file target.cif (mmCIF, N, CA and C atoms)
data_protein
loop_
_atom_site.group_PDB
_atom_site.id
_atom_site.type_symbol
_atom_site.label_atom_id
_atom_site.label_comp_id
_atom_site.auth_asym_id
_atom_site.auth_seq_id
_atom_site.Cartn_x
_atom_site.Cartn_y
_atom_site.Cartn_z
ATOM 1 N N GLY A 453 -19.022 12.236 -11.416
ATOM 2 C CA GLY A 453 -19.284 12.134 -12.787
ATOM 3 C C GLY A 453 -18.088 12.589 -13.623
ATOM 4 N N ARG A 454 -18.266 12.434 -14.866
ATOM 5 C CA ARG A 454 -17.241 12.844 -15.825
ATOM 6 C C ARG A 454 -17.786 13.951 -16.712
ATOM 7 N N LEU A 455 -16.891 14.813 -17.118
ATOM 8 C CA LEU A 455 -17.253 15.852 -18.066
ATOM 9 C C LEU A 455 -17.318 15.239 -19.455
ATOM 10 N N ARG A 456 -18.296 15.663 -20.223
ATOM 11 C CA ARG A 456 -18.381 15.206 -21.603
ATOM 12 C C ARG A 456 -17.364 15.958 -22.441
ATOM 13 N N ARG A 457 -16.955 15.312 -23.510
ATOM 14 C CA ARG A 457 -16.060 15.991 -24.453
ATOM 15 C C ARG A 457 -16.848 17.072 -25.171
ATOM 16 N N PRO A 458 -16.227 18.201 -25.416
ATOM 17 C CA PRO A 458 -16.953 19.241 -26.159
ATOM 18 C C PRO A 458 -17.251 18.786 -27.583
ATOM 19 N N ALA A 459 -18.377 19.256 -28.095
ATOM 20 C CA ALA A 459 -18.751 18.932 -29.473
ATOM 21 C C ALA A 459 -17.764 19.601 -30.422
ATOM 22 N N PRO A 460 -17.458 18.950 -31.534
ATOM 23 C CA PRO A 460 -16.549 19.563 -32.499
ATOM 24 C C PRO A 460 -17.143 20.867 -33.042
ATOM 25 N N VAL A 461 -16.286 21.817 -33.253
ATOM 26 C CA VAL A 461 -16.704 23.116 -33.753
ATOM 27 C C VAL A 461 -16.336 23.217 -35.225
ATOM 28 N N SER A 462 -17.280 23.701 -36.014
ATOM 29 C CA SER A 462 -16.973 23.924 -37.423
ATOM 30 C C SER A 462 -17.401 25.336 -37.786
ATOM 31 N N GLY A 463 -16.730 25.914 -38.730
ATOM 32 C CA GLY A 463 -17.069 27.265 -39.152
ATOM 33 C C GLY A 463 -16.536 28.314 -38.194
ATOM 34 N N ALA A 464 -17.009 29.525 -38.375
ATOM 35 C CA ALA A 464 -16.551 30.649 -37.558
ATOM 36 C C ALA A 464 -17.720 31.583 -37.305
ATOM 37 N N ARG A 465 -17.616 32.331 -36.238
ATOM 38 C CA ARG A 465 -18.623 33.321 -35.882
ATOM 39 C C ARG A 465 -17.952 34.667 -35.685
ATOM 40 N N ALA A 466 -18.708 35.722 -35.967
ATOM 41 C CA ALA A 466 -18.201 37.076 -35.756
ATOM 42 C C ALA A 466 -19.352 37.934 -35.257
ATOM 43 N N GLN A 467 -19.010 39.027 -34.624
ATOM 44 C CA GLN A 467 -20.030 39.994 -34.223
ATOM 45 C C GLN A 467 -19.415 41.382 -34.196
ATOM 46 N N ALA A 468 -20.285 42.368 -34.300
ATOM 47 C CA ALA A 468 -19.841 43.757 -34.277
ATOM 48 C C ALA A 468 -20.927 44.601 -33.638
ATOM 49 N N VAL A 469 -20.518 45.710 -33.086
ATOM 50 C CA VAL A 469 -21.471 46.679 -32.565
ATOM 51 C C VAL A 469 -21.788 47.649 -33.697
ATOM 52 N N HIS A 470 -23.076 47.868 -33.925
ATOM 53 C CA HIS A 470 -23.507 48.820 -34.959
ATOM 54 C C HIS A 470 -23.730 50.175 -34.293
ATOM 55 N N TYR A 471 -23.111 51.215 -34.840
ATOM 56 C CA TYR A 471 -23.209 52.566 -34.292
ATOM 57 C C TYR A 471 -24.095 53.426 -35.186
ATOM 58 N N ALA A 472 -24.822 54.344 -34.573
ATOM 59 C CA ALA A 472 -25.691 55.251 -35.320
ATOM 60 C C ALA A 472 -24.845 56.243 -36.106
ATOM 61 N N SER A 473 -25.150 56.393 -37.392
ATOM 62 C CA SER A 473 -24.422 57.376 -38.205
ATOM 63 C C SER A 473 -25.000 58.770 -37.991
ATOM 64 N N ASP A 474 -26.278 58.833 -37.646
ATOM 65 C CA ASP A 474 -26.970 60.092 -37.350
ATOM 66 C C ASP A 474 -27.784 59.885 -36.081
ATOM 67 N N ALA A 475 -28.252 60.968 -35.489
ATOM 68 C CA ALA A 475 -29.158 60.844 -34.348
ATOM 69 C C ALA A 475 -30.372 60.039 -34.809
ATOM 70 N N THR A 476 -30.768 59.056 -34.018
ATOM 71 C CA THR A 476 -31.814 58.126 -34.415
ATOM 72 C C THR A 476 -32.780 57.893 -33.270
ATOM 73 N N ALA A 477 -34.060 58.015 -33.543
ATOM 74 C CA ALA A 477 -35.097 57.629 -32.584
ATOM 75 C C ALA A 477 -35.593 56.249 -33.003
ATOM 76 N N ILE A 478 -35.542 55.296 -32.107
ATOM 77 C CA ILE A 478 -35.920 53.922 -32.432
ATOM 78 C C ILE A 478 -37.441 53.797 -32.431
ATOM 79 N N PRO A 479 -38.032 53.521 -33.595
ATOM 80 C CA PRO A 479 -39.494 53.404 -33.667
ATOM 81 C C PRO A 479 -39.972 52.051 -33.144
ATOM 82 N N ALA A 480 -41.175 52.021 -32.653
ATOM 83 C CA ALA A 480 -41.768 50.763 -32.178
ATOM 84 C C ALA A 480 -42.022 49.801 -33.330
ATOM 85 N N SER A 481 -42.141 50.340 -34.538
ATOM 86 C CA SER A 481 -42.490 49.515 -35.700
ATOM 87 C C SER A 481 -41.316 48.752 -36.304
ATOM 88 N N ILE A 482 -40.108 48.960 -35.801
ATOM 89 C CA ILE A 482 -38.953 48.299 -36.412
ATOM 90 C C ILE A 482 -39.036 46.785 -36.208
ATOM 91 N N ASP A 483 -38.748 46.052 -37.256
ATOM 92 C CA ASP A 483 -38.759 44.585 -37.230
ATOM 93 C C ASP A 483 -37.302 44.126 -37.196
ATOM 94 N N TRP A 484 -36.787 43.868 -36.006
ATOM 95 C CA TRP A 484 -35.371 43.527 -35.839
ATOM 96 C C TRP A 484 -35.078 42.165 -36.467
ATOM 97 N N PRO A 485 -34.042 42.055 -37.280
ATOM 98 C CA PRO A 485 -33.653 40.752 -37.837
ATOM 99 C C PRO A 485 -33.204 39.804 -36.724
ATOM 100 N N LYS A 486 -33.281 38.514 -36.990
ATOM 101 C CA LYS A 486 -32.915 37.510 -35.973
ATOM 102 C C LYS A 486 -31.431 37.539 -35.629
ATOM 103 N N TRP A 487 -30.602 38.131 -36.486
ATOM 104 C CA TRP A 487 -29.158 38.162 -36.241
ATOM 105 C C TRP A 487 -28.728 39.390 -35.446
ATOM 106 N N VAL A 488 -29.695 40.108 -34.876
ATOM 107 C CA VAL A 488 -29.412 41.303 -34.073
ATOM 108 C C VAL A 488 -29.674 40.999 -32.610
ATOM 109 N N ALA A 489 -28.829 41.527 -31.736
ATOM 110 C CA ALA A 489 -29.000 41.389 -30.285
ATOM 111 C C ALA A 489 -28.799 42.755 -29.635
ATOM 112 N N ASP A 490 -29.122 42.826 -28.357
ATOM 113 C CA ASP A 490 -28.902 44.047 -27.572
ATOM 114 C C ASP A 490 -29.646 45.242 -28.170
ATOM 115 N N VAL A 491 -30.915 45.028 -28.521
ATOM 116 C CA VAL A 491 -31.687 46.086 -29.170
ATOM 117 C C VAL A 491 -32.196 47.100 -28.152
ATOM 118 N N PRO A 492 -32.277 48.363 -28.549
ATOM 119 C CA PRO A 492 -32.778 49.391 -27.642
ATOM 120 C C PRO A 492 -34.307 49.350 -27.519
ATOM 121 N N VAL A 493 -34.795 49.923 -26.459
ATOM 122 C CA VAL A 493 -36.228 50.031 -26.219
ATOM 123 C C VAL A 493 -36.826 51.007 -27.242
ATOM 124 N N PRO A 494 -37.990 50.686 -27.818
ATOM 125 C CA PRO A 494 -38.621 51.636 -28.746
ATOM 126 C C PRO A 494 -38.782 53.013 -28.097
ATOM 127 N N GLY A 495 -38.542 54.037 -28.890
ATOM 128 C CA GLY A 495 -38.628 55.405 -28.394
ATOM 129 C C GLY A 495 -37.306 55.960 -27.908
ATOM 130 N N THR A 496 -36.321 55.088 -27.759
ATOM 131 C CA THR A 496 -34.998 55.537 -27.330
ATOM 132 C C THR A 496 -34.382 56.431 -28.396
ATOM 133 N N CYS A 497 -33.812 57.551 -27.986
ATOM 134 C CA CYS A 497 -33.097 58.441 -28.903
ATOM 135 C C CYS A 497 -31.611 58.150 -28.774
ATOM 136 N N ILE A 498 -30.997 57.787 -29.875
ATOM 137 C CA ILE A 498 -29.583 57.427 -29.882
ATOM 138 C C ILE A 498 -28.822 58.499 -30.655
ATOM 139 N N ALA A 499 -27.837 59.080 -30.004
ATOM 140 C CA ALA A 499 -27.028 60.126 -30.636
ATOM 141 C C ALA A 499 -26.099 59.524 -31.682
ATOM 142 N N ALA A 500 -25.735 60.330 -32.666
ATOM 143 C CA ALA A 500 -24.782 59.896 -33.689
ATOM 144 C C ALA A 500 -23.505 59.411 -33.014
ATOM 145 N N GLY A 501 -22.995 58.290 -33.499
ATOM 146 C CA GLY A 501 -21.761 57.741 -32.958
ATOM 147 C C GLY A 501 -21.940 56.832 -31.753
ATOM 148 N N ARG A 502 -23.163 56.690 -31.274
ATOM 149 C CA ARG A 502 -23.429 55.823 -30.118
ATOM 150 C C ARG A 502 -23.878 54.443 -30.592
ATOM 151 N N PRO A 503 -23.681 53.399 -29.786
ATOM 152 C CA PRO A 503 -24.074 52.045 -30.199
ATOM 153 C C PRO A 503 -25.582 51.876 -30.283
ATOM 154 N N VAL A 504 -26.010 51.121 -31.297
ATOM 155 C CA VAL A 504 -27.431 50.825 -31.494
ATOM 156 C C VAL A 504 -27.727 49.387 -31.103
ATOM 157 N N CYS A 505 -26.940 48.436 -31.619
ATOM 158 C CA CYS A 505 -27.201 47.024 -31.383
ATOM 159 C C CYS A 505 -25.955 46.208 -31.723
ATOM 160 N N THR A 506 -26.024 44.920 -31.416
ATOM 161 C CA THR A 506 -24.967 43.977 -31.779
ATOM 162 C C THR A 506 -25.438 43.164 -32.976
ATOM 163 N N ILE A 507 -24.543 42.971 -33.925
ATOM 164 C CA ILE A 507 -24.859 42.208 -35.133
ATOM 165 C C ILE A 507 -23.969 40.970 -35.165
ATOM 166 N N ARG A 508 -24.586 39.821 -35.433
ATOM 167 C CA ARG A 508 -23.866 38.547 -35.436
ATOM 168 C C ARG A 508 -23.912 37.904 -36.811
ATOM 169 N N GLY A 509 -22.892 37.104 -37.095
ATOM 170 C CA GLY A 509 -22.860 36.377 -38.360
ATOM 171 C C GLY A 509 -21.994 35.144 -38.258
ATOM 172 N N GLU A 510 -22.207 34.223 -39.168
ATOM 173 C CA GLU A 510 -21.439 32.975 -39.226
ATOM 174 C C GLU A 510 -20.935 32.761 -40.639
ATOM 175 N N GLY A 511 -19.867 31.986 -40.755
ATOM 176 C CA GLY A 511 -19.324 31.649 -42.053
ATOM 177 C C GLY A 511 -18.475 30.401 -41.959
ATOM 178 N N ALA A 512 -18.000 29.943 -43.091
ATOM 179 C CA ALA A 512 -17.167 28.745 -43.141
ATOM 180 C C ALA A 512 -15.790 28.994 -42.532
ATOM 181 N N ASN A 513 -15.357 30.273 -42.553
ATOM 182 C CA ASN A 513 -14.050 30.632 -41.995
ATOM 183 C C ASN A 513 -14.164 32.047 -41.418
ATOM 184 N N PRO A 514 -13.160 32.497 -40.678
ATOM 185 C CA PRO A 514 -13.244 33.831 -40.064
ATOM 186 C C PRO A 514 -13.483 34.961 -41.068
ATOM 187 N N GLN A 515 -12.831 34.915 -42.211
ATOM 188 C CA GLN A 515 -12.998 35.979 -43.202
ATOM 189 C C GLN A 515 -14.447 36.045 -43.696
ATOM 190 N N GLN A 516 -15.045 34.900 -43.924
ATOM 191 C CA GLN A 516 -16.427 34.855 -44.394
ATOM 192 C C GLN A 516 -17.382 35.356 -43.305
ATOM 193 N N ALA A 517 -17.136 34.971 -42.064
ATOM 194 C CA ALA A 517 -17.985 35.430 -40.961
ATOM 195 C C ALA A 517 -17.906 36.948 -40.817
ATOM 196 N N VAL A 518 -16.719 37.511 -40.944
ATOM 197 C CA VAL A 518 -16.544 38.969 -40.862
ATOM 198 C C VAL A 518 -17.255 39.645 -42.037
ATOM 199 N N ALA A 519 -17.184 39.053 -43.219
ATOM 200 C CA ALA A 519 -17.863 39.613 -44.386
ATOM 201 C C ALA A 519 -19.380 39.605 -44.197
ATOM 202 N N VAL A 520 -19.913 38.535 -43.621
ATOM 203 C CA VAL A 520 -21.354 38.451 -43.352
ATOM 204 C C VAL A 520 -21.769 39.561 -42.389
ATOM 205 N N VAL A 521 -20.991 39.761 -41.339
ATOM 206 C CA VAL A 521 -21.308 40.814 -40.375
ATOM 207 C C VAL A 521 -21.228 42.190 -41.037
ATOM 208 N N GLY A 522 -20.240 42.410 -41.882
ATOM 209 C CA GLY A 522 -20.128 43.683 -42.599
ATOM 210 C C GLY A 522 -21.354 43.953 -43.458
ATOM 211 N N GLN A 523 -21.819 42.935 -44.182
ATOM 212 C CA GLN A 523 -23.018 43.079 -45.006
ATOM 213 C C GLN A 523 -24.231 43.371 -44.138
ATOM 214 N N ARG A 524 -24.332 42.692 -43.025
ATOM 215 C CA ARG A 524 -25.472 42.911 -42.138
ATOM 216 C C ARG A 524 -25.441 44.299 -41.500
ATOM 217 N N CYS A 525 -24.260 44.823 -41.251
ATOM 218 C CA CYS A 525 -24.146 46.203 -40.742
ATOM 219 C C CYS A 525 -24.712 47.179 -41.775
ATOM 220 N N ARG A 526 -24.414 46.954 -43.043
ATOM 221 C CA ARG A 526 -24.956 47.809 -44.093
ATOM 222 C C ARG A 526 -26.486 47.660 -44.177
ATOM 223 N N GLU A 527 -26.962 46.426 -44.037
ATOM 224 C CA GLU A 527 -28.407 46.191 -44.041
ATOM 225 C C GLU A 527 -29.079 46.888 -42.860
ATOM 226 N N MET A 528 -28.435 46.853 -41.687
ATOM 227 C CA MET A 528 -28.995 47.494 -40.503
ATOM 228 C C MET A 528 -29.057 49.004 -40.698
ATOM 229 N N ALA A 529 -28.029 49.591 -41.278
ATOM 230 C CA ALA A 529 -28.035 51.035 -41.544
ATOM 231 C C ALA A 529 -29.194 51.390 -42.467
ATOM 232 N N ALA A 530 -29.410 50.586 -43.504
ATOM 233 C CA ALA A 530 -30.513 50.840 -44.434
ATOM 234 C C ALA A 530 -31.861 50.669 -43.738
ATOM 235 N N LEU A 531 -31.990 49.661 -42.896
ATOM 236 C CA LEU A 531 -33.240 49.430 -42.174
ATOM 237 C C LEU A 531 -33.556 50.604 -41.253
ATOM 238 N N LEU A 532 -32.551 51.096 -40.547
ATOM 239 C CA LEU A 532 -32.770 52.241 -39.651
ATOM 240 C C LEU A 532 -33.148 53.488 -40.440
ATOM 241 N N ARG A 533 -32.485 53.718 -41.568
ATOM 242 C CA ARG A 533 -32.850 54.873 -42.399
ATOM 243 C C ARG A 533 -34.287 54.764 -42.889
ATOM 244 N N LYS A 534 -34.660 53.560 -43.329
ATOM 245 C CA LYS A 534 -36.001 53.328 -43.860
ATOM 246 C C LYS A 534 -37.065 53.510 -42.776
ATOM 247 N N THR A 535 -36.873 52.919 -41.615
ATOM 248 C CA THR A 535 -37.902 52.987 -40.574
ATOM 249 C C THR A 535 -37.991 54.369 -39.951
ATOM 250 N N THR A 536 -36.876 55.065 -39.823
ATOM 251 C CA THR A 536 -36.949 56.413 -39.265
ATOM 252 C C THR A 536 -37.515 57.385 -40.289
ATOM 253 N N ALA A 537 -37.252 57.161 -41.586
ATOM 254 C CA ALA A 537 -37.837 58.002 -42.634
ATOM 255 C C ALA A 537 -39.350 57.786 -42.690
ATOM 256 N N ALA A 538 -39.791 56.539 -42.566
ATOM 257 C CA ALA A 538 -41.221 56.253 -42.602
ATOM 258 C C ALA A 538 -41.922 56.872 -41.402
ATOM 259 N N LYS A 539 -41.235 56.923 -40.266
ATOM 260 C CA LYS A 539 -41.807 57.514 -39.063
ATOM 261 C C LYS A 539 -42.004 59.014 -39.227
ATOM 262 N N SER A 540 -41.079 59.676 -39.934
ATOM 263 C CA SER A 540 -41.146 61.130 -40.079
ATOM 264 C C SER A 540 -42.124 61.564 -41.176
ATOM 265 N N ASP A 541 -42.591 60.623 -42.011
ATOM 266 C CA ASP A 541 -43.542 60.977 -43.090
ATOM 267 C C ASP A 541 -44.913 61.281 -42.555
#

call {"tool": "encode", "arguments": {"input": "target.cif", "output": "structure tokens"}}
result
Amino acid sequence: GRLRRPAPVSGARAQAVHYASDATAIPASIDWPKWVADVPVPGTCIAAGRPVCTIRGEGANPQQAVAVVGQRCREMAALLRKTTAAKSD
């Protein structure tokens, strides 16, 4: 047989590892966004400075893809603060 030609690629993709800013216990109630991968098991305690998950993003060009990932990292930090605060209430 013959190999097919690869499909044309458009746009750019980026990803980053999100690190815990503080010690974090992952609650079972967290609703992980679809752009997150490598999520920890609920109940896992993650020390400050350790990886939490992988965040992915896409854009029209590399700079835009990196900007999307940066925004999502900020969103993930807020989500973790919110869910861990709700757990401690």

call {"tool": "select_by_dssp", "arguments": {"input": "target.cif", "residues": "chain A", "states": "strand (DSSP E)", "output": "PyMOL selection string"}}
result
chain A and resi 464-471+476-477+488-489+497-498+503-511

call {"tool": "closest_residue", "arguments": {"input": "target.cif", "among": "A:Ala459, A:Ala464, A:Ala529, A:Val520", "to": "Trp487 of chain A", "atoms": "only C-alpha atoms"}}
result
A:Val520

call {"tool": "atom_distance", "arguments": {"input": "target.cif", "atom1": "atom N of Gln523 of chain A", "atom2": "atom N of Trp484 of chain A"}}
result
17.1 Å

call {"tool": "resolve_selection", "arguments": {"input": "target.cif", "expression": "the PyMOL selection byres ((chain A and resi 474) around 6.5)", "output": "list in words"}}
result
Tyr471, Ala472, Ser473, Ala475, Thr476, Ile498, Ala499, Ala500 and Gly501 of chain A

call {"tool": "atom_distance", "arguments": {"input": "target.cif", "atom1": "atom N of Val518 of chain A", "atom2": "atom N of Pro503 of chain A"}}
result
20.6 Å

call {"tool": "decode", "arguments": {"input": "target.cif", "residues": "segment 470-482 of chain A", "atoms": "C-alpha atoms", "output": "short mmCIF file (atom, residue, chain, number, x, y, z; two decimals), in the first residue's frame"}}
result
data_model
loop_
_atom_site.label_atom_id
_atom_site.label_comp_id
_atom_site.auth_asym_id
_atom_site.auth_seq_id
_atom_site.Cartn_x
_atom_site.Cartn_y
_atom_site.Cartn_z
CA HIS A 470 -0.06 23.93 35.81
CA TYR A 471 1.69 23.94 39.20
CA ALA A 472 0.04 24.36 42.60
CA SER A 473 0.73 27.77 44.13
CA ASP A 474 -0.25 26.43 47.58
CA ALA A 475 -0.73 22.97 49.06
CA THR A 476 -3.94 21.71 47.47
CA ALA A 477 -6.23 18.77 48.17
CA ILE A 478 -8.10 17.83 45.00
CA PRO A 479 -11.83 17.61 45.80
CA ALA A 480 -14.09 15.06 44.14
CA SER A 481 -16.48 17.88 43.24
CA ILE A 482 -14.11 19.65 40.84
#
